[in-house]
file data-v5.txt (compact mmCIF, C-alpha atoms and all ligand atoms)
# COMPACT_ATOMS: atom_id res chain seq x y z
CA MET A 7 -27.03 29.10 51.39
CA GLU A 8 -27.38 26.36 48.79
CA ARG A 9 -28.82 22.89 48.67
CA LEU A 10 -26.34 20.20 49.65
CA GLN A 11 -26.80 18.07 46.52
CA LYS A 12 -26.23 21.11 44.32
CA VAL A 13 -23.01 21.99 46.13
CA ILE A 14 -21.75 18.41 45.81
CA ALA A 15 -22.55 18.34 42.09
CA ALA A 16 -20.96 21.75 41.55
CA SER A 17 -17.75 20.47 43.15
CA GLY A 18 -17.39 18.11 40.21
CA TYR A 19 -17.58 15.08 42.49
CA THR A 20 -20.65 13.62 40.80
CA SER A 21 -24.00 14.52 39.24
CA ARG A 22 -26.83 16.01 41.28
CA ARG A 23 -28.85 12.81 41.05
CA LYS A 24 -25.94 10.69 42.29
CA ALA A 25 -25.33 13.24 45.05
CA GLU A 26 -28.92 12.72 46.21
CA GLU A 27 -28.33 8.96 46.36
CA LEU A 28 -25.16 9.49 48.39
CA ILE A 29 -27.05 11.68 50.86
CA LEU A 30 -29.93 9.21 51.20
CA ASN A 31 -27.42 6.39 51.72
CA GLY A 32 -25.80 8.23 54.63
CA LYS A 33 -22.46 8.81 52.90
CA VAL A 34 -22.41 12.56 53.38
CA THR A 35 -21.48 14.58 56.46
CA VAL A 36 -21.72 18.31 57.06
CA ASN A 37 -19.35 19.56 59.75
CA GLY A 38 -18.87 16.00 60.93
CA LYS A 39 -22.57 15.11 61.20
CA LYS A 40 -24.33 12.66 58.92
CA VAL A 41 -27.07 14.25 56.83
CA TYR A 42 -29.95 12.38 55.21
CA GLU A 43 -32.20 15.31 54.29
CA LEU A 44 -32.11 16.21 50.59
CA GLY A 45 -33.16 19.79 51.23
CA THR A 46 -30.32 20.54 53.66
CA LYS A 47 -28.85 23.98 53.06
CA VAL A 48 -25.15 24.65 53.45
CA ASP A 49 -22.96 27.71 53.10
CA THR A 50 -19.37 28.19 52.03
CA LYS A 51 -18.01 27.71 55.57
CA ASP A 52 -19.57 24.28 56.04
CA GLU A 53 -17.23 21.33 55.61
CA ILE A 54 -18.77 18.63 53.43
CA LYS A 55 -17.35 15.12 53.35
CA ILE A 56 -18.29 12.14 51.22
CA ASP A 57 -17.11 8.80 52.55
CA GLY A 58 -14.75 10.78 54.76
CA ASN A 59 -13.22 12.84 51.94
CA VAL A 60 -13.62 16.61 51.97
CA ILE A 61 -15.10 17.91 48.72
CA SER A 62 -13.54 20.83 46.94
CA ARG A 63 -15.47 24.11 47.10
CA GLU A 64 -13.17 26.09 44.85
CA ASP A 65 -14.61 28.80 42.65
CA LYS A 66 -15.88 27.65 39.33
CA GLU A 67 -14.41 28.87 36.08
CA TYR A 68 -15.90 28.56 32.60
CA TYR A 69 -14.18 29.21 29.27
CA LEU A 70 -15.05 29.08 25.61
CA LEU A 71 -12.03 28.25 23.47
CA TYR A 72 -11.80 28.43 19.69
CA LYS A 73 -9.86 25.20 19.45
CA PRO A 74 -7.27 25.35 16.72
CA ARG A 75 -6.02 22.37 14.73
CA GLY A 76 -3.08 20.39 16.09
CA VAL A 77 -3.98 20.53 19.78
CA ILE A 78 -5.29 17.60 21.78
CA THR A 79 -8.44 17.74 23.86
CA SER A 80 -7.04 16.55 27.16
CA THR A 81 -5.40 17.96 30.27
CA SER A 82 -2.09 16.18 29.63
CA ASP A 83 -0.41 14.16 26.92
CA ASP A 84 2.16 11.39 27.22
CA LYS A 85 3.73 12.44 23.92
CA ALA A 86 4.14 16.02 25.17
CA ARG A 87 1.86 17.46 22.50
CA LYS A 88 0.10 20.72 23.18
CA THR A 89 -3.22 20.32 24.98
CA VAL A 90 -6.26 22.60 25.09
CA THR A 91 -5.62 23.45 28.75
CA ASP A 92 -2.15 24.75 27.79
CA LEU A 93 -3.95 27.49 25.86
CA ILE A 94 -5.82 28.83 28.91
CA ASN A 95 -4.20 30.96 31.52
CA THR A 96 -5.56 29.75 34.85
CA LYS A 97 -4.32 28.14 38.04
CA LYS A 98 -7.54 26.15 38.41
CA ARG A 99 -7.71 22.50 37.35
CA ILE A 100 -10.09 22.92 34.46
CA TYR A 101 -10.87 20.24 31.92
CA PRO A 102 -12.56 20.12 28.53
CA VAL A 103 -16.32 19.56 28.23
CA GLY A 104 -16.52 16.78 25.66
CA ARG A 105 -13.88 16.21 23.04
CA LEU A 106 -12.75 17.50 19.68
CA ASP A 107 -10.26 15.53 17.59
CA TYR A 108 -6.66 16.72 17.07
CA ASP A 109 -7.53 18.03 13.61
CA THR A 110 -11.01 19.40 14.46
CA THR A 111 -11.44 23.12 15.15
CA GLY A 112 -14.16 25.14 16.84
CA VAL A 113 -16.15 25.63 20.01
CA LEU A 114 -14.77 23.89 23.06
CA LEU A 115 -15.96 24.68 26.57
CA LEU A 116 -13.68 24.12 29.55
CA THR A 117 -14.54 24.26 33.24
CA ASN A 118 -13.96 22.78 36.68
CA ASP A 119 -17.73 22.40 37.22
CA GLY A 120 -18.87 18.78 36.90
CA GLU A 121 -22.57 19.54 36.91
CA PHE A 122 -22.19 22.04 34.07
CA THR A 123 -20.24 19.40 32.11
CA ASN A 124 -23.05 16.90 32.69
CA ILE A 125 -25.69 19.23 31.35
CA ILE A 126 -23.73 20.03 28.20
CA THR A 127 -22.64 16.49 27.41
CA HIS A 128 -25.62 14.33 28.41
CA PRO A 129 -27.65 13.46 25.29
CA SER A 130 -30.92 13.56 27.29
CA LYS A 131 -30.44 17.31 27.76
CA LYS A 132 -30.64 17.69 23.99
CA ILE A 133 -28.04 20.42 23.75
CA ASP A 134 -27.32 21.14 20.08
CA LYS A 135 -23.79 20.67 18.81
CA VAL A 136 -23.49 22.20 15.35
CA TYR A 137 -20.77 20.85 13.06
CA VAL A 138 -19.76 21.88 9.58
CA ALA A 139 -17.98 19.11 7.71
CA LYS A 140 -16.24 19.19 4.37
CA VAL A 141 -16.50 15.73 2.89
CA LYS A 142 -15.04 14.07 -0.16
CA GLY A 143 -17.62 13.34 -2.82
CA ILE A 144 -21.02 14.75 -3.66
CA VAL A 145 -23.42 13.97 -0.83
CA ASN A 146 -26.90 13.09 -2.10
CA TYR A 147 -30.23 13.84 -0.44
CA MET A 148 -30.88 10.21 0.43
CA ASP A 149 -27.75 10.22 2.54
CA ILE A 150 -28.72 13.50 4.20
CA LYS A 151 -31.99 11.80 5.15
CA LYS A 152 -30.09 8.83 6.55
CA LEU A 153 -27.90 11.12 8.66
CA CYS A 154 -31.07 12.73 10.05
CA ASN A 155 -32.80 9.45 10.85
CA GLY A 156 -29.76 7.75 12.38
CA VAL A 157 -26.96 5.60 11.01
CA TYR A 158 -25.09 2.72 12.61
CA ILE A 159 -21.67 3.43 14.07
CA ASP A 160 -19.91 0.66 15.97
CA GLY A 161 -23.18 -1.28 15.87
CA VAL A 162 -25.25 1.43 17.59
CA LYS A 163 -27.76 3.66 15.85
CA THR A 164 -27.22 7.38 16.26
CA SER A 165 -30.13 9.51 17.49
CA LYS A 166 -32.16 11.77 15.29
CA ALA A 167 -30.09 14.62 13.91
CA LYS A 168 -30.45 17.56 11.57
CA ALA A 169 -28.39 17.76 8.43
CA LYS A 170 -28.32 20.00 5.41
CA ILE A 171 -26.12 20.60 2.43
CA LYS A 172 -24.50 24.04 2.50
CA LYS A 173 -22.42 23.89 -0.65
CA TYR A 174 -21.13 21.64 -3.40
CA ASP A 175 -17.84 22.01 -5.19
CA LYS A 176 -18.40 20.05 -8.39
CA GLU A 177 -14.86 20.66 -9.62
CA LYS A 178 -13.12 19.46 -6.47
CA GLN A 179 -15.89 16.91 -5.80
CA THR A 180 -16.50 17.97 -2.21
CA THR A 181 -19.61 18.85 -0.21
CA ILE A 182 -20.01 21.09 2.81
CA VAL A 183 -22.63 19.67 5.20
CA GLU A 184 -24.02 21.12 8.41
CA LEU A 185 -24.84 18.44 10.96
CA ILE A 186 -26.54 19.10 14.28
CA ILE A 187 -26.37 16.35 16.91
CA HIS A 188 -27.00 15.98 20.65
CA GLU A 189 -24.70 13.06 21.26
CA GLY A 190 -20.93 13.07 21.54
CA LYS A 191 -19.67 9.61 20.74
CA ASN A 192 -16.00 9.28 19.90
CA HIS A 193 -15.36 10.61 16.36
CA GLN A 194 -19.12 10.69 15.90
CA VAL A 195 -19.35 13.02 12.92
CA LYS A 196 -16.52 11.35 11.01
CA LYS A 197 -17.98 7.92 11.71
CA MET A 198 -21.49 8.98 10.68
CA PHE A 199 -20.17 10.04 7.28
CA GLU A 200 -17.89 7.01 7.09
CA SER A 201 -20.91 4.73 7.56
CA LEU A 202 -22.26 6.15 4.29
CA GLY A 203 -18.93 5.91 2.49
CA TYR A 204 -17.79 9.53 2.78
CA GLU A 205 -14.52 10.79 4.19
CA VAL A 206 -14.51 13.98 6.27
CA VAL A 207 -11.53 16.09 5.23
CA LYS A 208 -12.25 19.10 7.44
CA LEU A 209 -14.38 19.46 10.54
CA LYS A 210 -15.36 22.48 12.56
CA ARG A 211 -17.76 22.76 15.49
CA GLU A 212 -19.52 26.05 15.04
CA LYS A 213 -21.80 25.95 18.05
CA VAL A 214 -22.53 24.22 21.36
CA ALA A 215 -25.93 25.34 22.71
CA PHE A 216 -25.82 29.11 22.06
CA PHE A 217 -22.04 29.36 22.34
CA ASP A 218 -20.45 30.26 19.03
CA LEU A 219 -17.10 31.55 17.76
CA LYS A 220 -18.05 35.20 17.32
CA GLY A 221 -15.17 37.53 18.18
CA LEU A 222 -12.62 34.72 18.56
CA LYS A 223 -9.77 33.57 16.34
CA PRO A 224 -8.35 30.02 16.48
CA GLY A 225 -6.47 29.64 19.78
CA GLU A 226 -8.33 32.51 21.47
CA TYR A 227 -10.76 32.14 24.34
CA ARG A 228 -13.06 34.05 26.63
CA SER A 229 -14.74 33.47 29.99
CA LEU A 230 -18.43 32.69 30.03
CA THR A 231 -20.61 35.31 31.67
CA PRO A 232 -22.56 34.42 34.85
CA LYS A 233 -25.74 34.88 32.81
CA GLU A 234 -24.60 32.32 30.22
CA VAL A 235 -23.84 29.79 32.97
CA LYS A 236 -27.24 30.40 34.57
CA ILE A 237 -29.00 29.83 31.26
CA ILE A 238 -27.33 26.43 30.95
CA TYR A 239 -28.46 25.58 34.48
CA GLY A 240 -31.98 26.66 33.49
CA GLU A 241 -31.89 29.18 36.30
CA TYR A 242 -31.84 32.35 34.28
CA LYS A 243 -34.92 34.49 34.67
CA ASN A 244 -35.34 37.60 32.63
CA ASP A 245 -36.36 39.96 35.42
N1 LIG B 1 -17.03 14.21 15.67
C1 LIG B 1 -15.82 13.87 15.14
O1 LIG B 1 -15.71 12.96 14.35
N2 LIG B 1 -14.75 14.56 15.55
C2 LIG B 1 -14.81 15.60 16.42
O2 LIG B 1 -13.80 16.19 16.73
C3 LIG B 1 -16.07 15.94 16.93
C4 LIG B 1 -17.16 15.22 16.54
call {"tool": "encode", "arguments": {"input": "data-v5.txt", "output": "structure tokens"}}
result
Amino acid sequence: MERLQKVIAASGYTSRRKAEELILNGKVTVNGKKVYELGTKVDTKDEIKIDGNVISREDKEYYLLYKPRGVITSTSDDKARKTVTDLINTKKRIYPVGRLDYDTTGVLLLTNDGEFTNIITHPSKKIDKVYVAKVKGIVNYMDIKKLCNGVYIDGVKTSKAKAKIKKYDKEKQTTIVELIIHEGKNHQVKKMFESLGYEVVKLKREKVAFFDLKGLKPGEYRSLTPKEVKIIYGEYKND
């Protein structure tokens, strides 16, 4: 038996908080009866409807893909380019958690669990996303400081971040920078560097939370373990 709002959120319909609002507003029925109690427990046989629509209770799947270059982060593409879901062998309707650009490589999670997606992507959860960027030019320490304190992209200041220089190539005039952010604005890393006059020529996401690329080659993927999923939900107890 699980709490109704958790089941609704896990179906991908909406977040847990929104699910609570729906329940309190009398929009949710269990086996045809309106339910207003937030603590209501349901099991897999119960039929849950929101505004008359049955919610999906299908099993959840979770994958970690080493996204290669030249694949789009989407479930379909009008130009018939390869998408990240084409790389994963499943019958479930999974979708990517956040977005990596066509030319960006690295950690990409995919799932059909909306609540999991919320936890990973919502900046308030402060989940680290670790990027390694190769940029044109020699990045100076003042600019590293600026990246850490926040820069303006599209008129909005980015949140505090961590940044450090990993390597310079004086001959080729490039710098490798590690940047750790919690947000996921469109093209965020490229735009953060752009705001300081640097062009990102290569970008890789090395980590999301504790998920890294160990054991995977570009294009390969693995399922998450139940323990990994529980840790993200904050439900893992080491006992
Ligand atoms: N920031 C970018 O600019 N591109 C990505 O793919 C991810 C983060």
call {"tool": "residues_near_ligand", "arguments": {"input": "data-v5.txt", "ligand": "ligand LIG 1 (chain B)", "cutoff": "12 Å", "atoms": "only C-alpha atoms and all ligand atoms", "output": "PDB file with C-alpha atoms, in the frame of the given file"}}
result
ATOM      1  CA  LYS A  73      -9.860  25.200  19.450  1.00  0.00           C
ATOM      2  CA  PRO A  74      -7.270  25.350  16.720  1.00  0.00           C
ATOM      3  CA  ARG A  75      -6.020  22.370  14.730  1.00  0.00           C
ATOM      4  CA  GLY A  76      -3.080  20.390  16.090  1.00  0.00           C
ATOM      5  CA  VAL A  77      -3.980  20.530  19.780  1.00  0.00           C
ATOM      6  CA  ILE A  78      -5.290  17.600  21.780  1.00  0.00           C
ATOM      7  CA  THR A  79      -8.440  17.740  23.860  1.00  0.00           C
ATOM      8  CA  VAL A 103     -16.320  19.560  28.230  1.00  0.00           C
ATOM      9  CA  GLY A 104     -16.520  16.780  25.660  1.00  0.00           C
ATOM     10  CA  ARG A 105     -13.880  16.210  23.040  1.00  0.00           C
ATOM     11  CA  LEU A 106     -12.750  17.500  19.680  1.00  0.00           C
ATOM     12  CA  ASP A 107     -10.260  15.530  17.590  1.00  0.00           C
ATOM     13  CA  TYR A 108      -6.660  16.720  17.070  1.00  0.00           C
ATOM     14  CA  ASP A 109      -7.530  18.030  13.610  1.00  0.00           C
ATOM     15  CA  THR A 110     -11.010  19.400  14.460  1.00  0.00           C
ATOM     16  CA  THR A 111     -11.440  23.120  15.150  1.00  0.00           C
ATOM     17  CA  GLY A 112     -14.160  25.140  16.840  1.00  0.00           C
ATOM     18  CA  VAL A 113     -16.150  25.630  20.010  1.00  0.00           C
ATOM     19  CA  LEU A 114     -14.770  23.890  23.060  1.00  0.00           C
ATOM     20  CA  LYS A 135     -23.790  20.670  18.810  1.00  0.00           C
ATOM     21  CA  VAL A 136     -23.490  22.200  15.350  1.00  0.00           C
ATOM     22  CA  TYR A 137     -20.770  20.850  13.060  1.00  0.00           C
ATOM     23  CA  VAL A 138     -19.760  21.880   9.580  1.00  0.00           C
ATOM     24  CA  ALA A 139     -17.980  19.110   7.710  1.00  0.00           C
ATOM     25  CA  LYS A 140     -16.240  19.190   4.370  1.00  0.00           C
ATOM     26  CA  VAL A 141     -16.500  15.730   2.890  1.00  0.00           C
ATOM     27  CA  ILE A 159     -21.670   3.430  14.070  1.00  0.00           C
ATOM     28  CA  LEU A 185     -24.840  18.440  10.960  1.00  0.00           C
ATOM     29  CA  ILE A 186     -26.540  19.100  14.280  1.00  0.00           C
ATOM     30  CA  ILE A 187     -26.370  16.350  16.910  1.00  0.00           C
ATOM     31  CA  HIS A 188     -27.000  15.980  20.650  1.00  0.00           C
ATOM     32  CA  GLU A 189     -24.700  13.060  21.260  1.00  0.00           C
ATOM     33  CA  GLY A 190     -20.930  13.070  21.540  1.00  0.00           C
ATOM     34  CA  LYS A 191     -19.670   9.610  20.740  1.00  0.00           C
ATOM     35  CA  ASN A 192     -16.000   9.280  19.900  1.00  0.00           C
ATOM     36  CA  HIS A 193     -15.360  10.610  16.360  1.00  0.00           C
ATOM     37  CA  GLN A 194     -19.120  10.690  15.900  1.00  0.00           C
ATOM     38  CA  VAL A 195     -19.350  13.020  12.920  1.00  0.00           C
ATOM     39  CA  LYS A 196     -16.520  11.350  11.010  1.00  0.00           C
ATOM     40  CA  LYS A 197     -17.980   7.920  11.710  1.00  0.00           C
ATOM     41  CA  MET A 198     -21.490   8.980  10.680  1.00  0.00           C
ATOM     42  CA  PHE A 199     -20.170  10.040   7.280  1.00  0.00           C
ATOM     43  CA  GLU A 200     -17.890   7.010   7.090  1.00  0.00           C
ATOM     44  CA  SER A 201     -20.910   4.730   7.560  1.00  0.00           C
ATOM     45  CA  GLU A 205     -14.520  10.790   4.190  1.00  0.00           C
ATOM     46  CA  VAL A 206     -14.510  13.980   6.270  1.00  0.00           C
ATOM     47  CA  VAL A 207     -11.530  16.090   5.230  1.00  0.00           C
ATOM     48  CA  LYS A 208     -12.250  19.100   7.440  1.00  0.00           C
ATOM     49  CA  LEU A 209     -14.380  19.460  10.540  1.00  0.00           C
ATOM     50  CA  LYS A 210     -15.360  22.480  12.560  1.00  0.00           C
ATOM     51  CA  ARG A 211     -17.760  22.760  15.490  1.00  0.00           C
ATOM     52  CA  GLU A 212     -19.520  26.050  15.040  1.00  0.00           C
ATOM     53  CA  LYS A 213     -21.800  25.950  18.050  1.00  0.00           C
ATOM     54  CA  VAL A 214     -22.530  24.220  21.360  1.00  0.00           C
TER      55      VAL A 214
END
call {"tool": "atom_distance", "arguments": {"input": "data-v5.txt", "atom1": "atom CA of Tyr204 of chain A", "atom2": "atom CA of Ile133 of chain A"}}
result
25.8 Å
call {"tool": "atom_distance", "arguments": {"input": "data-v5.txt", "atom1": "atom CA of Leu28 of chain A", "atom2": "atom CA of Ser130 of chain A"}}
result
22.2 Å
call {"tool": "closest_residue", "arguments": {"input": "data-v5.txt", "among": "A:Thr20, A:Asn59, A:Gln11, A:Asn124", "to": "Gly38 of chain A", "atoms": "all atoms listed in the file"}}
result
A:Asn59
call {"tool": "atom_distance", "arguments": {"input": "data-v5.txt", "atom1": "atom CA of Arg228 of chain A", "atom2": "atom CA of Leu116 of chain A"}}
result
10.4 Å
call {"tool": "closest_residue", "arguments": {"input": "data-v5.txt", "among": "A:Lys39, A:Lys33, A:Arg87, A:Arg63", "to": "Ala15 of chain A", "atoms": "all atoms listed in the file"}}
result
A:Arg63
call {"tool": "residues_around", "arguments": {"input": "data-v5.txt", "residues": "Asn31 of chain A", "least_positions_apart": "2", "cutoff": "12 Å", "atoms": "all atoms listed in the file", "output": "NGL selection string"}}
result
:A and (24-29 or 33-35 or 40-44 or 56-57)
call {"tool": "closest_residue", "arguments": {"input": "data-v5.txt", "among": "A:Thr117, A:Val145, A:Pro232, A:Leu71", "to": "Phe217 of chain A", "atoms": "only C-alpha atoms"}}
result
A:Leu71
call {"tool": "closest_residue", "arguments": {"input": "data-v5.txt", "among": "A:Arg99, A:His128, A:Lys220, A:Lys66", "to": "Ser80 of chain A", "atoms": "all atoms listed in the file"}}
result
A:Arg99
call {"tool": "closest_residue", "arguments": {"input": "data-v5.txt", "among": "A:Val13, A:Ile94, A:Leu230, A:Ile144", "to": "Asp218 of chain A", "atoms": "only C-alpha atoms"}}
result
A:Leu230
call {"tool": "axis_aligned_box", "arguments": {"input": "data-v5.txt", "around": "segment 182-195 of chain A", "padding_each_side": "8 Å", "output": "lines of an AutoDock Vina configuration file"}}
result
center_x = -21.2
center_y = 15.2
center_z = 12.2
size_x = 27.6
size_y = 27.8
size_z = 34.7
call {"tool": "closest_residue", "arguments": {"input": "data-v5.txt", "among": "A:Tyr174, A:Tyr158, A:Tyr19, A:Tyr227", "to": "Asn118 of chain A", "atoms": "all atoms listed in the file"}}
result
A:Tyr19
call {"tool": "residues_near_point", "arguments": {"input": "data-v5.txt", "point": "(-4.2, 22.7, 30.2)", "cutoff": "8 Å", "atoms": "only C-alpha atoms", "output": "list in words"}}
result
Ser80, Thr81, Ser82, Thr89, Val90, Thr91, Asp92, Leu93, Ile94, Arg99, Ile100 and Tyr101 of chain A
call {"tool": "build_atoms", "arguments": {"input": "data-v5.txt", "residues": "segment 181-210 of chain A", "atoms": "N, CA and C atoms", "output": "compact mmCIF listing (two decimals), in the coordinates of the input"}}
result
# COMPACT_ATOMS: atom_id res chain seq x y z
N THR A 181 -18.34 18.29 -0.68
CA THR A 181 -19.61 18.85 -0.21
C THR A 181 -19.41 19.39 1.20
N ILE A 182 -20.01 20.55 1.46
CA ILE A 182 -20.01 21.09 2.81
C ILE A 182 -21.38 20.78 3.42
N VAL A 183 -21.37 20.08 4.56
CA VAL A 183 -22.63 19.67 5.20
C VAL A 183 -22.67 20.20 6.62
N GLU A 184 -23.83 20.75 7.00
CA GLU A 184 -24.02 21.12 8.41
C GLU A 184 -24.77 19.99 9.09
N LEU A 185 -24.24 19.55 10.23
CA LEU A 185 -24.84 18.44 10.96
C LEU A 185 -25.04 18.86 12.41
N ILE A 186 -26.26 18.70 12.89
CA ILE A 186 -26.54 19.10 14.28
C ILE A 186 -26.92 17.85 15.08
N ILE A 187 -26.13 17.57 16.10
CA ILE A 187 -26.37 16.35 16.91
C ILE A 187 -26.42 16.72 18.39
N HIS A 188 -26.96 15.79 19.19
CA HIS A 188 -27.00 15.98 20.65
C HIS A 188 -25.98 15.09 21.34
N GLU A 189 -25.60 14.03 20.64
CA GLU A 189 -24.70 13.06 21.26
C GLU A 189 -23.24 13.49 21.08
N GLY A 190 -22.35 12.76 21.70
CA GLY A 190 -20.93 13.07 21.54
C GLY A 190 -20.09 11.82 21.58
N LYS A 191 -20.48 10.84 20.77
CA LYS A 191 -19.67 9.61 20.74
C LYS A 191 -18.32 9.93 20.11
N ASN A 192 -17.35 9.07 20.42
CA ASN A 192 -16.00 9.28 19.90
C ASN A 192 -16.01 9.36 18.37
N HIS A 193 -15.45 10.41 17.82
CA HIS A 193 -15.36 10.61 16.36
C HIS A 193 -16.73 10.50 15.69
N GLN A 194 -17.76 10.94 16.38
CA GLN A 194 -19.12 10.69 15.90
C GLN A 194 -19.38 11.20 14.49
N VAL A 195 -19.01 12.44 14.23
CA VAL A 195 -19.35 13.02 12.92
C VAL A 195 -18.60 12.27 11.81
N LYS A 196 -17.32 12.06 12.03
CA LYS A 196 -16.52 11.35 11.01
C LYS A 196 -17.08 9.95 10.77
N LYS A 197 -17.47 9.28 11.86
CA LYS A 197 -17.98 7.92 11.71
C LYS A 197 -19.36 7.90 11.06
N MET A 198 -20.17 8.92 11.33
CA MET A 198 -21.49 8.98 10.68
C MET A 198 -21.32 9.08 9.16
N PHE A 199 -20.40 9.92 8.73
CA PHE A 199 -20.17 10.04 7.28
C PHE A 199 -19.52 8.77 6.73
N GLU A 200 -18.59 8.23 7.51
CA GLU A 200 -17.89 7.01 7.09
C GLU A 200 -18.89 5.88 6.84
N SER A 201 -19.92 5.81 7.69
CA SER A 201 -20.91 4.73 7.56
C SER A 201 -21.64 4.81 6.21
N LEU A 202 -21.60 5.99 5.61
CA LEU A 202 -22.26 6.15 4.29
C LEU A 202 -21.23 6.21 3.16
N GLY A 203 -19.97 5.97 3.51
CA GLY A 203 -18.93 5.91 2.49
C GLY A 203 -18.26 7.24 2.17
N TYR A 204 -18.43 8.23 3.02
CA TYR A 204 -17.79 9.53 2.78
C TYR A 204 -16.66 9.77 3.78
N GLU A 205 -15.63 10.43 3.29
CA GLU A 205 -14.52 10.79 4.19
C GLU A 205 -14.60 12.28 4.54
N VAL A 206 -14.52 12.58 5.83
CA VAL A 206 -14.51 13.98 6.27
C VAL A 206 -13.08 14.50 6.15
N VAL A 207 -12.89 15.57 5.39
CA VAL A 207 -11.53 16.09 5.23
C VAL A 207 -11.30 17.33 6.10
N LYS A 208 -12.38 17.93 6.57
CA LYS A 208 -12.25 19.10 7.44
C LYS A 208 -13.46 19.13 8.35
N LEU A 209 -13.24 19.43 9.63
CA LEU A 209 -14.38 19.46 10.54
C LEU A 209 -14.25 20.61 11.53
N LYS A 210 -15.35 21.34 11.64
CA LYS A 210 -15.36 22.48 12.56
C LYS A 210 -16.65 22.43 13.37
